[in-house]
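Just below is one structure, and these are the notes that go with it.
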Amino acid sequence: MEVLKEKVEEEEEAERAERGEKMMRPMEVRKEETIMTREIVRDLERKLLEIEVPIPEKPSTFTKDAIDISKLPLSYQSNTPKEEHLLQVADNFSRQYSHLCPDRVPLFLHPVNECKVPKFVSTAIRPTLMPYPELYNWDTCAQFVSDFLSSVRLPDPLKPPPYLYSSTMVLQYQEGNCFDFSTLLCSMLIGTGYDAYCVYGYGSRDLCHMDLTREVCPLTMKPKEVVKEEEKAPPKKYAAAAEPPRGLTSRSRRVQRPTPCTACGYSTQDDHFLGIESLWNHKNYWVNMQDCWNCCKDLVFDLGDPVRWECLLLGTDKPLLSLTEEEDDGTNDDDDVENLGKEDEDKSFDMPCSWVEQIEISPEAFETRCPNGKKVIQYQRARLEKWAPYLNNNGLVCRLTTYEDLECTKTLEIKEWFQNREDMLELKHINKVTGLNIDYFKPGHPQALRVHSYTSMQPGMDRVMEFYETARVDGLIKREETPRTMTEYYQGRPDFLSYRHVSFGPRIKKLALNGAESNPRPMVKITERFFRNPAKPADEDVAERVFLILDERIQLRYHCREDHITASKREFLWRTKGDSKGNKIIMTPDMCLSFEVEPMEHTKKLLYQYEAMMKLKNEEKLSRRQAWESEQEVLEILKLREEEEAAHALTISIYDTKRNKKSKEYREAMERVTHEEHLWQVEAQLDYLAPFLAQLPPGEKLTRWQAVRLKDECLSDFKQRLIDKANLIQARFEKETQELQKQQQWYQENQVTLTPEDEDLYLSYCSQAMFRIRILEQRLNRHKELAPLKYLALEEKLNKDPRLVELLKVFV
């Protein structure tokens, strides 16, 4: 019974506890719900703060309304029967593909062009041969197209655009998306001898540096012929990418480089590529039937494999299957010949000709490179600016600015690229955090500079200078300078010097007009190191010597022999002061302390030690002189750099007649000479007897006396014209001379009261007047010399004139 009572009491306590929990649970639930709501609100606020509202960009002029369709060719505005047939084939292929692969995205087959006419994507590619040799390279061609076009935002980044404009229209407006980029680049590369493909797939946000999120349209390029030595060449560096893989296609081991709109090459196995849906060129269209679960790393780029790549059109021009080296030895050539006819029989449809006009790029547009000569690309925490060559006076063509914050207000570093600079400046790297500036130069600088790192252009500050050692006679490679030290590195010197370190003391304060040039820093210590000289024994070949100038000591360390672990050392103490009686101290054994691995008798003699010490003193003077010359060279380089930065002159090719003034003046002079020759020929062809023959009755035959009279009148008239021209030149000469004399007389009368401005005007007038007087004098002298010759030449022409020659024979 007691046990039952305990159970009943326990059950009643449990019921009371449950009732209490039920009463308290709503309050707890409310508290938990309130806490959860607050967390949700906080998360929502945090997410809203992270959202950046894009600033509305300038509306694009590349719109349908801005295009004048009436001036476009007929191929833009309509389709031929063959193109209509191709569109039907593409529709049929698309329906079958959607039915068999319902989970795949729709194919990008026939978007509309600028005339709202559907066109097959392959027919938008027009292979065109570019007239510029610079575009015959994949890298330069892709970079040109990337800089030449401005990006256009797609309506839906996850879907292909509903339109695909022609390459000619894209070049005209210089705007386009990644599809326009690939189509234009395909047309240019195919025309210069490359096999190119436009690819539609998916990539990460880091890969597509445009306004897209996950869509990317790279271009795959495969040179038709690859030199065998190319595989032995060092790998080329690509921006944020590895070396493109080789041997991905059939037989000839070609190269593939997928390229986004930034013209940067990426490997097909790069993690940026998530998948490829389809690709096409000007001959066919292929759909990727492989699984992209491992991105594009396991894809086989063999377009001849119908299992992996489904082609739209059957033909004999499709790529062959990949063969191994054993299969590709030519043993199946007979089978290829037998199957050649069968392939021709299977060929059912040919790709129609491209509807796009031939691509033309004017020299002005090619030189401008960017729209209006400037292009700005905004990245996350970075800003890239590009300019056309010669657009900026300082030769700046590219600037990359990186920021610390997303608002791009705190600058971290700036990189500036230059072209056509006379000082050979190629790159300037400015670190805004540390204040370090690094200038990179191409070969050809007057001081053979290669790299210059500095925080200030003032002398005696921290800096590092690197040089092109082949362009310097002294073999200097690098020079490091601080307020108290200067270190130099050498290579290829006949004295085997490799290193020199100079320590300076505090500069003595004194009044100096030229600053550091007349007040050099006092040298305290000079350390020099040498390479091994195989012509000398190791015990006699100095490896390092130290000149302790203030302590008047010289320390030597020799090279170590191959069979030893220690090297010989020697130290000289130089005493310049005399004793108490004023006598100079002669050489004593304690003035030379040495440690020799293998002692030799002649090195212990005082005469040998004295001669060695005197030689070292001369070398110390030479080292101090060279160190001083290095300081002066640093000052010259800094002064030269300031002048170059102030002038920032640009080099202009002699073939650039538009910018080269000398070439332009020479061309204009040649044009003037040609024009004068043309006028002379026209004048020579004039009928000099026409005014005199017009005085005679029409149709009347000339008599001998009339012919003589015509000749005399023509010569008299020409003589009078020569005299009038001489008088005119003489009158102008006298007028200029009189006016100059009047001005000179006025200057003599008012010389005392003239202001500097009046004197400058007077001198300028005198200079111009003297120039005009000299020109008139030369013309008058030349006219006097040529007038008799011209008179005789006219007389000879009259005597040989077919209208007078027969009548004048009697009087000759």
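Here's how to read the names in the structure tokens: chain A, B, ... by the order shown, residue numbers from 1 in each chain, ligand numbers from 1 in the order shown.
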Considering only C-alpha atoms, return as JSON, numbers by chain whatever protein or nucleic-acid residues lie within 8 Å of region 349-357 of chain A, sequence-local ones (same chain, fewer than 2 positions apart) excluded. {"A": [75, 76, 82, 83, 86, 122, 123, 124, 125, 126, 166, 167, 168, 282, 283, 284, 313, 314, 315, 347, 359]}
Close residues, Pro691 (chain A) itself excluded, 10 Å, only C-alpha atoms, min 5 positions apart in chain, as an MDAnalysis selection string: chainID A and resid 696 710 714
Spatial neighbours of region 379-387 of chain A, max dist 9 Å, only C-alpha atoms, sep filter under 6 positions, as a ChimeraX atom specification: /A:147,209-210,368-370,372-373,396-408
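Separating CA of Glu734 (chain A) from CA of Gln768 (chain A) is a distance of 15.4 Å.
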At what distance in Å, to one decimal, does CA of His783 (chain A) lie from CA of Tyr765 (chain A)? 26.8 Å
Near Leu798 (chain A), within 10 Å and counting only C-alpha atoms, which residues show up once chain neighbours fewer than 6 positions away are dropped, as a PyMOL selection string? chain A and resi 688-689+707+710-712+714-715+792+804-805+808
Members of region 649-805 of chain A assigned helix (DSSP H, G or I) by DSSP, as a ChimeraX atom specification: /A:661-684,690-693,704-749,756-799,805
Need to verify the contact set: region 534-536 of chain A, 12 Å, only C-alpha atoms, exclusion of same-chain residues closer than 4 positions in sequence. Can you return it as a list in words? Asp495, Phe496, Phe530, Glu540, Asp541, Val542, Ala543, Tyr558, His559 and Arg561 of chain A
Export of the given selection (N, CA and C atoms) as a CSV table (one decimal), in the first residue's frame:
chain,number,residue,atom,x,y,z
A,495,ASP,N,89.5,43.0,-62.9
A,495,ASP,CA,90.2,42.9,-61.5
A,495,ASP,C,89.4,41.9,-60.6
A,496,PHE,N,88.3,41.3,-61.1
A,496,PHE,CA,87.5,40.3,-60.4
A,496,PHE,C,86.8,40.9,-59.2
A,530,PHE,N,86.3,40.0,-53.9
A,530,PHE,CA,86.7,39.7,-55.2
A,530,PHE,C,86.3,38.2,-55.5
A,540,GLU,N,97.6,33.8,-52.4
A,540,GLU,CA,98.0,35.1,-52.8
A,540,GLU,C,96.8,35.8,-53.5
A,541,ASP,N,95.7,35.2,-53.6
A,541,ASP,CA,94.5,35.8,-54.3
A,541,ASP,C,93.6,36.3,-53.2
A,542,VAL,N,93.4,37.7,-53.1
A,542,VAL,CA,92.7,38.3,-52.1
A,542,VAL,C,91.2,38.1,-52.3
A,543,ALA,N,90.5,37.6,-51.3
A,543,ALA,CA,89.0,37.4,-51.3
A,543,ALA,C,88.3,38.6,-50.8
A,558,TYR,N,92.3,36.0,-47.7
A,558,TYR,CA,92.6,35.4,-49.0
A,558,TYR,C,91.6,34.3,-49.2
A,559,HIS,N,91.6,33.8,-50.5
A,559,HIS,CA,90.7,32.7,-50.8
A,559,HIS,C,91.2,31.4,-50.1
A,561,ARG,N,92.0,27.4,-50.0
A,561,ARG,CA,92.3,26.3,-50.9
A,561,ARG,C,91.2,25.2,-50.8
Give me, as a ChimeraX atom specification, all polymer residues having an atom no more than 12 Å from region 425-432 of chain A, counting only C-alpha atoms and skipping those fewer than 6 positions away in the same chain. /A:394-404,410-419,438-446,448-456,641,644-645,648-651
Given the choices A:Asn618, A:Ser568, A:Gln458, A:Asn519, which gets closest to Phe547 (chain A) if the distance is worked out from only C-alpha atoms?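 Under the stated criterion, the closest residue is A:Asn618.
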Pairwise distance for CA of Gln269 (chain A) and CA of Leu184 (chain A), rounded to one decimal in Å: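 Straight-line distance from CA of Gln269 (chain A) to CA of Leu184 (chain A) works out to 24.9 Å.
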Using only C-alpha atoms, which residues sit within 12 Å of Pro589 (chain A) once same-chain residues fewer than 5 positions away are excluded, as a VMD selection string? chain A and resid 571 to 573 594 603 to 610
DSSP strand (DSSP E or B) residues within region 478-590 of chain A, as number ranges by chain: A: 478-481, 485-490, 497-504, 523-530, 542-548, 553-558, 569-573, 578, 584
Which residue gives the smallest distance to Ser764 (chain A) among A:Gln743, A:Thr268, A:Thr737, A:Ser362, with only C-alpha atoms counted?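 Of A:Gln743, A:Thr268, A:Thr737, A:Ser362, the one nearest Ser764 (chain A), counting only C-alpha atoms, is A:Gln743.
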